[in-house]
Structure formats: structure tokens, C-alpha cells
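Peer 1: Pasting coords05.cif here (mmCIF, C-alpha atoms):
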data_upload
loop_
_atom_site.label_atom_id
_atom_site.label_comp_id
_atom_site.auth_asym_id
_atom_site.auth_seq_id
_atom_site.Cartn_x
_atom_site.Cartn_y
_atom_site.Cartn_z
CA MET A 6 9.65 -10.00 -19.95
CA LYS A 7 6.33 -10.00 -21.73
CA VAL A 8 4.16 -12.80 -20.46
CA VAL A 9 1.16 -13.69 -22.55
CA PRO A 10 -1.39 -15.45 -20.41
CA MET A 11 -2.21 -18.23 -22.84
CA ASN A 12 -2.99 -21.77 -21.87
CA SER A 13 0.07 -23.86 -22.70
CA GLU A 14 -2.22 -26.67 -23.87
CA ASN A 15 -3.73 -24.41 -26.52
CA GLU A 16 -0.30 -23.20 -27.58
CA SER A 17 0.84 -26.75 -28.19
CA ARG A 18 -2.21 -27.43 -30.33
CA GLY A 19 -1.25 -24.53 -32.53
CA HIS A 20 -4.32 -22.42 -31.84
CA PRO A 21 -3.84 -18.92 -33.21
CA ARG A 22 -2.71 -16.45 -30.59
CA ALA A 23 -5.35 -13.91 -29.72
CA MET A 24 -4.76 -10.18 -29.65
CA GLU A 25 -2.00 -9.18 -27.26
CA PRO A 26 -3.85 -8.24 -24.09
CA ALA A 27 -3.30 -4.60 -23.20
CA PRO A 28 -2.35 -4.27 -19.54
CA LEU A 29 -4.73 -2.50 -17.18
CA HIS A 30 -3.20 0.55 -15.48
CA ILE A 31 -5.08 1.18 -12.29
CA GLY A 32 -3.57 3.47 -9.67
CA ASP A 33 0.00 2.32 -9.19
CA LEU A 34 -0.77 -1.17 -10.47
CA VAL A 35 -0.17 -2.54 -13.95
CA LEU A 36 -2.17 -5.73 -14.42
CA LYS A 37 -1.89 -8.14 -17.31
CA SER A 38 -5.16 -9.78 -16.34
CA ARG A 39 -8.31 -7.70 -16.28
CA LEU A 40 -9.99 -10.15 -13.93
CA ILE A 41 -9.91 -9.28 -10.23
CA VAL A 42 -10.80 -12.17 -7.97
CA GLY A 43 -12.50 -11.96 -4.60
CA THR A 44 -11.47 -14.61 -2.09
CA GLY A 45 -14.79 -14.55 -0.22
CA GLY A 46 -16.68 -17.81 -0.23
CA ALA A 47 -13.79 -20.06 -1.24
CA PRO A 48 -14.04 -23.42 0.48
CA SER A 49 -10.39 -23.55 1.58
CA HIS A 50 -7.06 -21.78 1.34
CA GLN A 51 -5.87 -24.45 -1.10
CA SER A 52 -8.85 -23.68 -3.32
CA ILE A 53 -7.90 -20.00 -3.23
CA ILE A 54 -4.44 -20.90 -4.50
CA ASP A 55 -5.92 -23.06 -7.26
CA ILE A 56 -8.47 -20.38 -8.23
CA ILE A 57 -5.81 -17.68 -8.43
CA LYS A 58 -3.64 -19.84 -10.65
CA ALA A 59 -6.52 -20.91 -12.91
CA SER A 60 -7.87 -17.36 -13.24
CA GLU A 61 -4.42 -15.85 -13.88
CA THR A 62 -5.50 -12.88 -11.80
CA GLU A 63 -2.92 -10.56 -10.32
CA LEU A 64 -5.20 -8.72 -7.90
CA VAL A 65 -7.30 -10.36 -5.20
CA THR A 66 -9.59 -8.89 -2.58
CA VAL A 67 -9.67 -9.70 1.12
CA ALA A 68 -11.60 -8.41 4.12
CA ILE A 69 -10.51 -7.10 7.52
CA ARG A 70 -11.76 -8.97 10.59
CA ARG A 71 -10.74 -9.72 14.16
CA PHE A 72 -7.55 -11.70 14.64
CA ASP A 73 -8.12 -15.05 16.31
CA PRO A 74 -5.13 -15.85 18.53
CA THR A 75 -6.38 -19.41 18.95
CA GLY A 76 -6.57 -19.94 15.18
CA SER A 77 -4.64 -22.93 13.95
CA GLY A 78 -2.72 -23.18 10.69
CA SER A 79 -1.37 -20.38 8.57
CA GLY A 80 -3.42 -17.27 7.93
CA LEU A 81 -4.66 -15.95 4.62
CA PHE A 82 -1.77 -13.51 4.44
CA GLU A 83 0.71 -16.39 4.57
CA THR A 84 -1.30 -18.19 1.89
CA LEU A 85 -1.36 -15.26 -0.52
CA GLN A 86 2.13 -13.89 -0.04
CA PRO A 87 4.04 -16.59 -1.96
CA LEU A 88 1.69 -16.27 -4.96
CA GLY A 89 2.97 -12.80 -5.82
CA VAL A 90 -0.49 -11.32 -6.34
CA HIS A 91 -1.42 -7.82 -5.25
CA ILE A 92 -3.83 -7.75 -2.32
CA LEU A 93 -6.77 -5.34 -2.33
CA PRO A 94 -8.36 -5.07 1.13
CA ASN A 95 -12.02 -4.14 1.29
CA THR A 96 -14.19 -2.38 3.84
CA ALA A 97 -16.99 -4.94 3.62
CA GLY A 98 -19.43 -4.78 6.48
CA CYS A 99 -19.13 -1.02 7.00
CA PHE A 100 -22.32 1.03 7.14
CA SER A 101 -20.81 4.47 7.65
CA ALA A 102 -18.00 6.57 6.23
CA ARG A 103 -16.40 6.70 9.68
CA GLU A 104 -16.26 2.91 9.98
CA ALA A 105 -15.00 2.52 6.44
CA VAL A 106 -12.19 5.04 6.88
CA ARG A 107 -11.08 3.38 10.13
CA THR A 108 -11.17 -0.04 8.49
CA ALA A 109 -9.14 1.28 5.56
CA GLU A 110 -6.53 2.66 7.95
CA LEU A 111 -6.22 -0.74 9.63
CA ALA A 112 -5.95 -2.42 6.24
CA ARG A 113 -3.18 -0.06 5.16
CA GLU A 114 -1.24 -0.80 8.34
CA ALA A 115 -1.73 -4.58 8.03
CA LEU A 116 -0.91 -4.85 4.32
CA GLU A 117 1.30 -1.83 3.68
CA THR A 118 -0.80 -0.80 0.70
CA ASN A 119 -2.62 2.42 -0.10
CA ASN A 120 -5.11 0.52 -2.23
CA VAL A 121 -8.52 -0.07 -0.74
CA LYS A 122 -11.80 -1.34 -2.11
CA LEU A 123 -14.31 0.99 -0.51
CA GLU A 124 -17.63 -0.58 0.41
CA VAL A 125 -20.16 1.37 2.45
CA VAL A 126 -23.51 -0.34 2.31
CA ALA A 127 -26.93 0.85 3.37
CA ASP A 128 -28.22 -2.42 4.80
CA ASP A 129 -27.20 -6.03 5.08
CA THR A 130 -30.06 -7.40 2.98
CA SER A 131 -29.48 -5.68 -0.33
CA LEU A 132 -25.83 -4.75 0.37
CA ARG A 133 -26.46 -1.76 -1.85
CA PRO A 134 -23.96 1.08 -1.48
CA ASP A 135 -25.10 4.08 0.55
CA PRO A 136 -24.30 6.88 -1.88
CA LEU A 137 -23.96 9.68 0.67
CA GLU A 138 -21.68 7.76 3.03
CA LEU A 139 -19.77 6.39 0.05
CA VAL A 140 -18.85 9.78 -1.37
CA ASP A 141 -17.96 11.12 2.10
CA ALA A 142 -15.69 8.16 2.75
CA ALA A 143 -14.12 8.35 -0.70
CA ARG A 144 -13.30 12.05 -0.26
CA ASP A 145 -11.76 11.44 3.16
CA LEU A 146 -9.73 8.44 2.02
CA VAL A 147 -8.36 10.26 -1.03
CA ALA A 148 -7.28 13.10 1.28
CA ARG A 149 -5.49 10.51 3.43
CA GLY A 150 -3.52 9.27 0.45
CA PHE A 151 -5.48 6.14 -0.34
CA HIS A 152 -6.07 4.79 -3.83
CA VAL A 153 -9.80 4.21 -3.62
CA PHE A 154 -11.51 1.49 -5.63
CA ALA A 155 -15.10 2.53 -5.02
CA TYR A 156 -17.84 -0.11 -5.08
CA THR A 157 -20.90 1.82 -6.21
CA ASN A 158 -24.41 1.64 -7.55
CA ASP A 159 -24.80 1.57 -11.33
CA ASP A 160 -25.60 5.27 -11.24
CA PRO A 161 -23.65 7.34 -13.77
CA VAL A 162 -24.06 10.57 -11.81
CA LEU A 163 -22.84 8.98 -8.58
CA GLY A 164 -19.94 7.47 -10.49
CA ALA A 165 -19.03 10.90 -11.83
CA HIS A 166 -19.13 12.35 -8.30
CA LEU A 167 -16.77 9.60 -7.14
CA GLU A 168 -14.40 10.40 -9.97
CA GLY A 169 -14.71 14.05 -8.99
CA VAL A 170 -13.47 13.39 -5.45
CA GLY A 171 -10.47 11.54 -6.87
CA VAL A 172 -11.10 7.82 -6.67
CA THR A 173 -8.74 5.51 -8.53
CA ALA A 174 -11.45 3.26 -9.95
CA VAL A 175 -15.24 3.30 -10.13
CA MET A 176 -16.74 -0.14 -9.56
CA PRO A 177 -20.44 -0.36 -10.33
CA LEU A 178 -22.55 -3.35 -9.43
CA GLY A 179 -24.28 -5.30 -12.19
CA SER A 180 -26.78 -6.62 -9.66
CA PRO A 181 -26.69 -7.24 -5.89
CA ILE A 182 -23.58 -8.85 -4.39
CA GLY A 183 -23.66 -12.63 -4.61
CA SER A 184 -26.94 -12.65 -6.55
CA GLY A 185 -25.53 -13.99 -9.82
CA LEU A 186 -28.20 -12.00 -11.66
CA GLY A 187 -25.65 -10.57 -14.08
CA ILE A 188 -25.87 -7.03 -15.44
CA LEU A 189 -29.46 -5.88 -14.93
CA ASN A 190 -29.06 -2.46 -16.51
CA PRO A 191 -26.45 -2.59 -19.27
CA SER A 192 -27.36 0.88 -20.52
CA ASN A 193 -26.33 2.36 -17.16
CA ILE A 194 -22.93 0.70 -17.46
CA VAL A 195 -22.52 2.17 -20.95
CA ALA A 196 -23.56 5.59 -19.63
CA MET A 197 -20.97 5.30 -16.86
CA ARG A 198 -18.32 4.35 -19.40
CA ASN A 199 -19.17 7.41 -21.46
CA LEU A 200 -19.05 9.72 -18.44
CA ILE A 201 -16.11 8.38 -16.46
CA SER A 202 -12.45 8.40 -17.44
CA VAL A 203 -10.87 6.44 -14.57
CA PRO A 204 -10.89 2.63 -14.78
CA LEU A 205 -14.40 1.19 -14.63
CA ILE A 206 -14.63 -2.24 -13.02
CA LEU A 207 -17.87 -4.26 -12.99
CA ASP A 208 -17.92 -5.39 -9.39
CA ALA A 209 -20.93 -7.40 -8.31
CA GLY A 210 -23.65 -9.71 -9.56
CA ILE A 211 -21.64 -11.69 -12.10
CA GLY A 212 -23.07 -15.18 -12.38
CA THR A 213 -21.17 -16.81 -15.19
CA ALA A 214 -18.54 -16.16 -17.85
CA SER A 215 -20.93 -14.56 -20.34
CA ASP A 216 -21.76 -11.88 -17.75
CA ALA A 217 -18.07 -11.08 -17.46
CA ALA A 218 -17.75 -10.93 -21.24
CA LEU A 219 -20.76 -8.61 -21.46
CA ALA A 220 -19.24 -6.27 -18.89
CA MET A 221 -16.14 -5.93 -21.03
CA GLU A 222 -18.17 -5.52 -24.21
CA LEU A 223 -20.04 -2.65 -22.54
CA GLY A 224 -16.72 -0.90 -22.08
CA CYS A 225 -15.60 -1.87 -18.61
CA ASP A 226 -11.84 -2.01 -18.06
CA GLY A 227 -12.06 -5.06 -15.84
CA VAL A 228 -14.33 -7.32 -13.84
CA LEU A 229 -14.26 -8.33 -10.19
CA VAL A 230 -15.64 -11.79 -9.49
CA ALA A 231 -15.96 -13.53 -6.13
CA SER A 232 -19.01 -15.72 -5.47
CA ALA A 233 -19.50 -16.73 -9.11
CA ILE A 234 -16.13 -18.47 -8.91
CA THR A 235 -15.80 -19.47 -5.28
CA ARG A 236 -19.33 -20.86 -5.01
CA ALA A 237 -19.44 -22.52 -8.44
CA VAL A 238 -19.80 -26.29 -8.52
CA ASP A 239 -16.23 -26.41 -9.87
CA PRO A 240 -14.53 -23.17 -8.76
CA ILE A 241 -11.28 -23.86 -10.59
CA ALA A 242 -13.01 -24.52 -13.91
CA MET A 243 -15.12 -21.39 -13.42
CA ALA A 244 -12.00 -19.36 -12.64
CA ARG A 245 -10.60 -20.39 -16.01
CA ALA A 246 -13.95 -19.66 -17.71
CA MET A 247 -14.08 -16.18 -16.18
CA SER A 248 -10.57 -15.46 -17.37
CA LEU A 249 -11.57 -16.45 -20.89
CA GLY A 250 -14.84 -14.52 -20.66
CA VAL A 251 -13.07 -11.32 -19.66
CA ARG A 252 -10.56 -11.72 -22.47
CA ALA A 253 -13.25 -12.54 -25.03
CA GLY A 254 -15.31 -9.51 -24.01
CA PHE A 255 -12.29 -7.22 -24.04
CA GLU A 256 -11.25 -8.33 -27.51
CA ALA A 257 -14.81 -8.17 -28.83
CA GLN A 258 -15.17 -4.63 -27.53
CA ARG A 259 -11.95 -3.62 -29.26
CA ALA A 260 -12.98 -5.46 -32.42
CA GLY A 261 -16.20 -3.45 -32.73
CA ARG A 262 -19.51 -5.26 -32.95
CA ILE A 263 -21.89 -4.88 -35.88
CA PRO A 264 -24.79 -2.49 -35.42
CA ARG A 265 -28.11 -4.01 -34.43
CA ARG A 266 -30.86 -3.85 -37.09
CA GLN A 267 -34.48 -4.88 -37.19
CA ASP A 268 -34.43 -6.70 -40.53
CA ALA A 269 -32.20 -9.45 -41.82
CA LEU A 270 -29.17 -8.62 -43.92
CA ALA A 271 -27.97 -11.55 -46.01
CA SER A 272 -24.33 -12.35 -45.72
CA THR A 273 -24.56 -14.36 -48.95
CA ALA A 274 -24.76 -12.36 -52.17
CA GLN A 275 -27.95 -12.82 -54.22
CA GLU A 276 -26.06 -12.23 -57.46
CA GLY A 277 -25.49 -15.35 -59.59
CA ILE A 278 -28.18 -17.46 -57.95
CA ALA A 279 -29.42 -20.32 -60.22
CA MET A 280 -33.02 -20.16 -61.47
CA LEU A 281 -34.49 -23.42 -60.23
CA SER A 282 -38.15 -22.57 -60.01
CA ASP A 283 -40.60 -19.82 -60.82
CA ARG A 284 -40.44 -16.78 -58.57
CA MET B 30 -11.46 -15.85 24.45
CA THR B 31 -9.21 -18.26 26.34
CA THR B 32 -6.15 -16.10 26.02
CA GLY B 33 -7.86 -13.47 28.12
CA LYS B 34 -7.22 -15.62 31.20
CA SER B 35 -3.49 -15.37 30.82
CA LEU B 36 -3.70 -11.63 31.23
CA THR B 37 -4.65 -11.99 34.88
CA GLU B 38 -1.93 -14.57 35.42
CA SER B 39 0.93 -12.29 34.42
CA LYS B 40 4.02 -12.73 36.56
CA ASP B 41 3.99 -8.99 37.12
CA ALA B 42 0.58 -9.13 38.76
CA ASP B 43 2.01 -9.18 42.30
CA GLU B 44 4.16 -6.12 41.87
CA SER B 45 3.09 -3.11 43.85
CA GLN B 46 2.27 -0.98 40.84
CA GLY B 47 0.38 -3.89 39.26
CA LEU B 48 -3.12 -2.50 39.58
CA GLU B 49 -5.30 -4.30 37.10
CA LEU B 50 -7.35 -2.24 34.69
CA PRO B 51 -10.38 -3.67 32.91
CA ILE B 52 -10.30 -3.36 29.12
CA THR B 53 -11.76 -5.29 26.22
CA ILE B 54 -9.82 -7.08 23.52
CA ASN B 55 -11.81 -7.95 20.40
CA GLY B 56 -14.96 -7.50 22.44
CA GLU B 57 -13.91 -9.84 25.25
CA PRO B 58 -13.25 -8.61 28.80
CA ALA B 59 -9.55 -8.57 29.68
CA LYS B 60 -7.18 -6.91 32.12
CA ILE B 61 -4.03 -4.92 31.71
CA LEU B 62 -1.60 -3.88 34.43
CA ASP B 63 -1.41 -0.21 35.23
CA GLY B 64 1.66 1.17 33.53
CA GLU B 65 1.84 -1.50 30.86
CA VAL B 66 2.06 -0.33 27.30
CA LEU B 67 0.18 -1.77 24.34
CA ASP B 68 3.26 -3.60 23.12
CA GLN B 69 3.48 -5.59 26.38
CA LEU B 70 -0.17 -6.56 26.11
CA LEU B 71 0.17 -7.68 22.51
CA THR B 72 3.22 -9.89 23.13
CA ARG B 73 0.81 -12.29 24.87
CA TYR B 74 -1.08 -12.75 21.63
CA ASN B 75 1.79 -14.04 19.55
CA LEU B 76 0.93 -11.76 16.65
CA PRO B 77 2.58 -12.37 13.29
CA SER B 78 4.97 -9.66 12.17
CA LYS B 79 2.88 -8.87 9.10
CA GLY B 80 -0.78 -8.88 8.17
CA VAL B 81 -2.20 -7.53 11.43
CA ALA B 82 -3.17 -4.11 12.74
CA VAL B 83 -4.42 -2.76 16.06
CA ALA B 84 -6.94 -0.10 16.95
CA VAL B 85 -7.60 1.39 20.38
CA ASP B 86 -11.00 2.97 20.87
CA GLY B 87 -11.58 2.82 17.15
CA GLU B 88 -8.38 4.56 16.08
CA LEU B 89 -5.45 2.83 14.39
CA VAL B 90 -2.30 2.60 16.48
CA LEU B 91 0.73 2.20 14.22
CA ARG B 92 3.02 -0.66 15.11
CA SER B 93 5.77 1.89 15.67
CA GLN B 94 3.65 3.45 18.44
CA TRP B 95 2.79 0.26 20.32
CA SER B 96 5.63 0.75 22.79
CA THR B 97 4.52 4.26 23.70
CA THR B 98 0.77 3.70 23.89
CA TRP B 99 -0.78 3.40 27.36
CA LEU B 100 -4.31 2.14 27.81
CA SER B 101 -7.02 3.58 30.02
CA PRO B 102 -9.60 1.66 32.04
CA GLY B 103 -12.36 0.65 29.66
CA SER B 104 -10.20 0.92 26.57
CA SER B 105 -11.40 -1.14 23.64
CA VAL B 106 -8.57 -2.88 21.81
CA GLU B 107 -9.25 -4.41 18.40
CA ILE B 108 -6.69 -6.68 16.76
CA VAL B 109 -7.47 -7.37 13.11
CA THR B 110 -6.05 -9.34 10.24
CA ILE B 111 -7.06 -10.21 6.70
CA VAL B 112 -9.66 -12.86 5.98
CA GLN B 113 -11.45 -14.04 2.86
CA GLY B 114 -13.63 -11.36 1.32
CA GLY B 115 -14.99 -10.17 -1.99
#
Could I get this structure in the form of C-alpha cells?

Peer 2:
Amino acid sequence: MKVVPMNSENESRGHPRAMEPAPLHIGDLVLKSRLIVGTGGAPSHQSIIDIIKASETELVTVAIRRFDPTGSGSGLFETLQPLGVHILPNTAGCFSAREAVRTAELAREALETNNVKLEVVADDTSLRPDPLELVDAARDLVARGFHVFAYTNDDPVLGAHLEGVGVTAVMPLGSPIGSGLGILNPSNIVAMRNLISVPLILDAGIGTASDAALAMELGCDGVLVASAITRAVDPIAMARAMSLGVRAGFEAQRAGRIPRRQDALASTAQEGIAMLSDR
Amino acid sequence: MTTGKSLTESKDADESQGLELPITINGEPAKILDGEVLDQLLTRYNLPSKGVAVAVDGELVLRSQWSTTWLSPGSSVEIVTIVQGG
């Protein structure tokens, strides 16, 4: 069954159907939506359900933390399971390759998935990836059979090294996690796209839908958004906006933008203009 | 952690081999009876059948190995699950 993620409201109004979205093949996953949603920061489990539905995402990230035996109500796992989305555990909070690998092993046991979003950060202020620990961890995890989605700096050379050790996806930041500053160095993202063959996912710093669209226009294969949705004034509306932004950017990239030029270029022909005054 | 108290109140505590060993569970002091395996310890925590994993001294212990894993005095047990994250 081919499901086209179009808003049924738009369909009924007879809006023209956009280009058939090409699915994203990433590791052993085939995703119709190119938007990956992080659950961090969502105000409630119900809001997570609503965000997932509004965003039409099929892949959501979670973190690994201590189990609370006194916790009341159902856990996040029980919330996500009925939705049929793939779960991508992360190694958020890890500062060394050793910690990250151990966290990934726990995640694989808990979720029965080889997929892991690898985060190894240098400090808890900038949350910038530590490149040396990151590559070490990625190499080790690949050897252990993981499909590594590597959160990385927007450094093309580092991205190429990660691809070289066998990661499944390279996920550069646009700007620091949770900052909402958007893509601070678009030319680096383009350079990464030109250098790296595995899926490229813009992973951090998205603030609003136009940032997500830009990421796709720069050649990314997908966008991961957490805070920009979960901490928006209206998270559900922003989830929908991000979905549209990713699609718009993807289609614009495929459509091919016009080249930039310094001078104007009239779209209206000069030929046949009436003579109405002296020139 | 309140559940830690129940560990010292185990009905097996009076048995002759029931020497109590100090360990930590998720950073909290706890006790386990000498000879008990990890599986017996974890039954007190009412863990769900899916979505959790356990490490001892930093290393993952597969669920299939819980019944054959003995703890040492001072062992650090970490029980983890998934939570919201980006």
C-alpha cells in the first residue's frame, strides 16, 4: 500500500497533489517521512502522541535513564509502542566513548534495535560533539553490529571520517542543541553533502519550519527536530509546520533553484512595450 | 529509594546462608542475600517485560543471563529504561 502523507483537508479542497515523496532508506529503515522527531522536552505523553501524529514522523528518538520503580502510570515505551513508530535511542549525556558504547548496549537490550543515535559531547554547556571520542565510539559500535546515527559537528572532514568507520547516517548540527539558531554555516552542510554518501540528517539547532526547509534545500536527506516542536507555543501546530517545511525543502531541492545573480533579470519581456513617454 | 527497604525485609533473610551483601541499585544503597542471583533481586522491582535493561558494574547483563548472574559485595546495579530525549 502506498500511503501519501497528505492532509485529508487539503485533498478534499482539491489542492494539487505535490510530488510523490521518495522514501528515505536509512540503515534497515524505509521512512516515508523525512522528519525525525525527538521526544525530549514534550510536556506530556499525550502531547508526544499528538506531535507524532501531526508530524507524520515514523522515527522518534528517546534517551536511556534510570528506571524508577516508584513511577506511576505507563512508561514512554508503553506510550510509543501502539503508535507503530520506530524508536531511535540516543546516548545523550555521555562524555566518553566508553559511556556511549555501554549506553548503546543497554538501549539495544531494552528496545531490541541495532539503531542508535550516537551522542558524545565535550561539555554540558555547548553540548558540542567531542570529535575524538565520537569517532572512537562510532568505530566500536559499528564493530558491535550497531547501525550508528552519528550526531556530529558541521565539519565535513569529521563527517567523512565517520562515514569511513561505517556509520549509517551522519547527523551534523546546524547550531547548538536547543538553541533554535538555525543553520549557522550552510556552506559546511553543502560541503558535507558533497563529500558524504550515507544519509545526511540535520540534527540540531532547528528553530522553525524555514530552518527545516533550508536543511533539505542544502541537500540533507532528512531533519531531526526536538525542542523546536516540543517547546513551541503550540507543539502540535509546529509539528505540522515542520512536516510541511521538510517536504517543501525536499521538493525545492529536487526542483532545482535558480542561480543567484547580482543584477535584476526581468521576467517580463521588454518587447512590445507601448511608447507612452520620451525615453 | 523506598524499594531498597524491602530488600532487607526478604523472607529469606533469616536463613542460615542469608548473609547480606551491600550493593547499590541505581546509586542507592541496597542489600542482596549471599547466593541470590540477579533475577531474584530484580523480581522485587516489578520490571516490565520490555523496555528495560540492566548493567552490573557498568556492563550490560542480558535478560537471558539474569538467572545465572551472582553479585559481589559492592556491586553497582543500574536498571534503565527509555525516557524522553532528543

Peer 1: Per residue of chain B within 7 Å of chain A, note the shortest atom pair and the distance in Å to one decimal, counting all atoms listed in the file, and order the rows by chain and increasing residue number, as JSON lines.

Peer 2:
{"residue": "B:Asn55", "atom": "CA", "partner": "A:Arg71", "partner_atom": "CA", "distance": 6.6}
{"residue": "B:Tyr74", "atom": "CA", "partner": "A:Pro74", "partner_atom": "CA", "distance": 6.0}
{"residue": "B:Lys79", "atom": "CA", "partner": "A:Ala115", "partner_atom": "CA", "distance": 6.4}
{"residue": "B:Gly80", "atom": "CA", "partner": "A:Ala115", "partner_atom": "CA", "distance": 4.4}
{"residue": "B:Val81", "atom": "CA", "partner": "A:Ala115", "partner_atom": "CA", "distance": 4.5}
{"residue": "B:Ala82", "atom": "CA", "partner": "A:Ala115", "partner_atom": "CA", "distance": 4.9}
{"residue": "B:Val83", "atom": "CA", "partner": "A:Leu111", "partner_atom": "CA", "distance": 7.0}
{"residue": "B:Glu88", "atom": "CA", "partner": "A:Arg107", "partner_atom": "CA", "distance": 6.6}
{"residue": "B:Leu89", "atom": "CA", "partner": "A:Leu111", "partner_atom": "CA", "distance": 6.0}
{"residue": "B:Leu91", "atom": "CA", "partner": "A:Glu114", "partner_atom": "CA", "distance": 6.9}
{"residue": "B:Glu107", "atom": "CA", "partner": "A:Arg71", "partner_atom": "CA", "distance": 7.0}
{"residue": "B:Ile108", "atom": "CA", "partner": "A:Phe72", "partner_atom": "CA", "distance": 5.5}
{"residue": "B:Val109", "atom": "CA", "partner": "A:Arg71", "partner_atom": "CA", "distance": 4.2}
{"residue": "B:Thr110", "atom": "CA", "partner": "A:Phe72", "partner_atom": "CA", "distance": 5.2}
{"residue": "B:Ile111", "atom": "CA", "partner": "A:Ile69", "partner_atom": "CA", "distance": 4.7}
{"residue": "B:Val112", "atom": "CA", "partner": "A:Ala68", "partner_atom": "CA", "distance": 5.2}
{"residue": "B:Gln113", "atom": "CA", "partner": "A:Gly45", "partner_atom": "CA", "distance": 4.6}
{"residue": "B:Gly114", "atom": "CA", "partner": "A:Gly45", "partner_atom": "CA", "distance": 3.7}
{"residue": "B:Gly115", "atom": "CA", "partner": "A:Gly43", "partner_atom": "CA", "distance": 4.0}

Peer 1: I'd like the residues picked by the PyMOL selection byres ((chain B and resi 86) around 8) written out as a list in words, using the chain letters and numbers from the file.

Peer 2: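 That expression, the PyMOL selection byres ((chain B and resi 86) around 8), corresponds here to Ala84, Val85, Gly87, Glu88, Ser104, Ser105, Val106 and Glu107 of chain B.
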
Peer 1: Using C-alpha atoms, can you write the selected residues to a file as a PDB file, keeping the file's coordinate frame?

Peer 2:
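To be explicit, this is the file written out as again_39.pdb:
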ATOM      1  CA  ALA B  84      -6.940  -0.100  16.950  1.00  0.00           C
ATOM      2  CA  VAL B  85      -7.600   1.390  20.380  1.00  0.00           C
ATOM      3  CA  GLY B  87     -11.580   2.820  17.150  1.00  0.00           C
ATOM      4  CA  GLU B  88      -8.380   4.560  16.080  1.00  0.00           C
ATOM      5  CA  SER B 104     -10.200   0.920  26.570  1.00  0.00           C
ATOM      6  CA  SER B 105     -11.400  -1.140  23.640  1.00  0.00           C
ATOM      7  CA  VAL B 106      -8.570  -2.880  21.810  1.00  0.00           C
ATOM      8  CA  GLU B 107      -9.250  -4.410  18.400  1.00  0.00           C
TER       9      GLU B 107
END

Peer 1: So which one's closest to B:Glu49, B:Gln69, B:Ser101, B:Gln94, B:Ser78? Using all atoms listed in the file, please.

Peer 2: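 The closest residue to B:Glu49 is B:Ser101.
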
Peer 1: Could you tell me how far atom CA of A:Asn158 sits from atom CA of A:Ile211, in Å to one decimal place?

Peer 2: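 Pair atom CA of A:Ile211 / atom CA of A:Asn158 returns 14.4 Å.
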
Peer 1: Grab the atom CA of A:Ala105 to atom CA of A:Val172 distance for me, in Å with one decimal place.

Peer 2: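 Taking atom CA of A:Ala105 as the start and atom CA of A:Val172 as the end point, the length is 14.7 Å.
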
Peer 1: Work out how far atom CA of A:Gly171 is from atom CA of A:Asp33, in Å to one decimal.

Peer 2: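 Separation between atom CA of A:Asp33 and atom CA of A:Gly171: 14.1 Å.
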
Peer 1: Which one of A:Ala196, A:Ala143, A:Ala233, A:Cys225 sits closest to A:Val125 if you count all atoms listed in the file?

Peer 2: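 Closest candidate: A:Ala143.
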
Peer 1: Need to verify the contact set: A:Ile234, 9 Å, all atoms listed in the file, exclusion of same-chain residues closer than 5 positions in sequence. Can you return it as a list in words?

Peer 2: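 Final neighbour list, sorted by chain and number: Val42, Gly43, Gly46, Ala47, Ile56, Gly212, Thr213, Asp239, Pro240, Ile241, Ala242, Met243, Ala244 and Met247 of chain A.
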
Peer 1: For C-alpha atoms, I'd like the residues from the last selection saved as an mmCIF file, in the coordinates of the input.

Peer 2:
data_model
loop_
_atom_site.group_PDB
_atom_site.id
_atom_site.type_symbol
_atom_site.label_atom_id
_atom_site.label_comp_id
_atom_site.auth_asym_id
_atom_site.auth_seq_id
_atom_site.Cartn_x
_atom_site.Cartn_y
_atom_site.Cartn_z
ATOM 1 C CA VAL A 42 -10.800 -12.170 -7.970
ATOM 2 C CA GLY A 43 -12.500 -11.960 -4.600
ATOM 3 C CA GLY A 46 -16.680 -17.810 -0.230
ATOM 4 C CA ALA A 47 -13.790 -20.060 -1.240
ATOM 5 C CA ILE A 56 -8.470 -20.380 -8.230
ATOM 6 C CA GLY A 212 -23.070 -15.180 -12.380
ATOM 7 C CA THR A 213 -21.170 -16.810 -15.190
ATOM 8 C CA ASP A 239 -16.230 -26.410 -9.870
ATOM 9 C CA PRO A 240 -14.530 -23.170 -8.760
ATOM 10 C CA ILE A 241 -11.280 -23.860 -10.590
ATOM 11 C CA ALA A 242 -13.010 -24.520 -13.910
ATOM 12 C CA MET A 243 -15.120 -21.390 -13.420
ATOM 13 C CA ALA A 244 -12.000 -19.360 -12.640
ATOM 14 C CA MET A 247 -14.080 -16.180 -16.180
#

Peer 1: Taking the file above as input, evaluate the PyMOL selection byres ((chain A and resi 198) around 10) and report the hits as a list in words.

Peer 2: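 For this structure, the PyMOL selection byres ((chain A and resi 198) around 10) captures Pro161, Gly164, Val175, Ser192, Asn193, Ile194, Val195, Ala196, Met197, Asn199, Leu200, Ile201, Ser202, Val203, Pro204, Leu205, Ile206, Leu223, Gly224, Cys225 and Asp226 of chain A.
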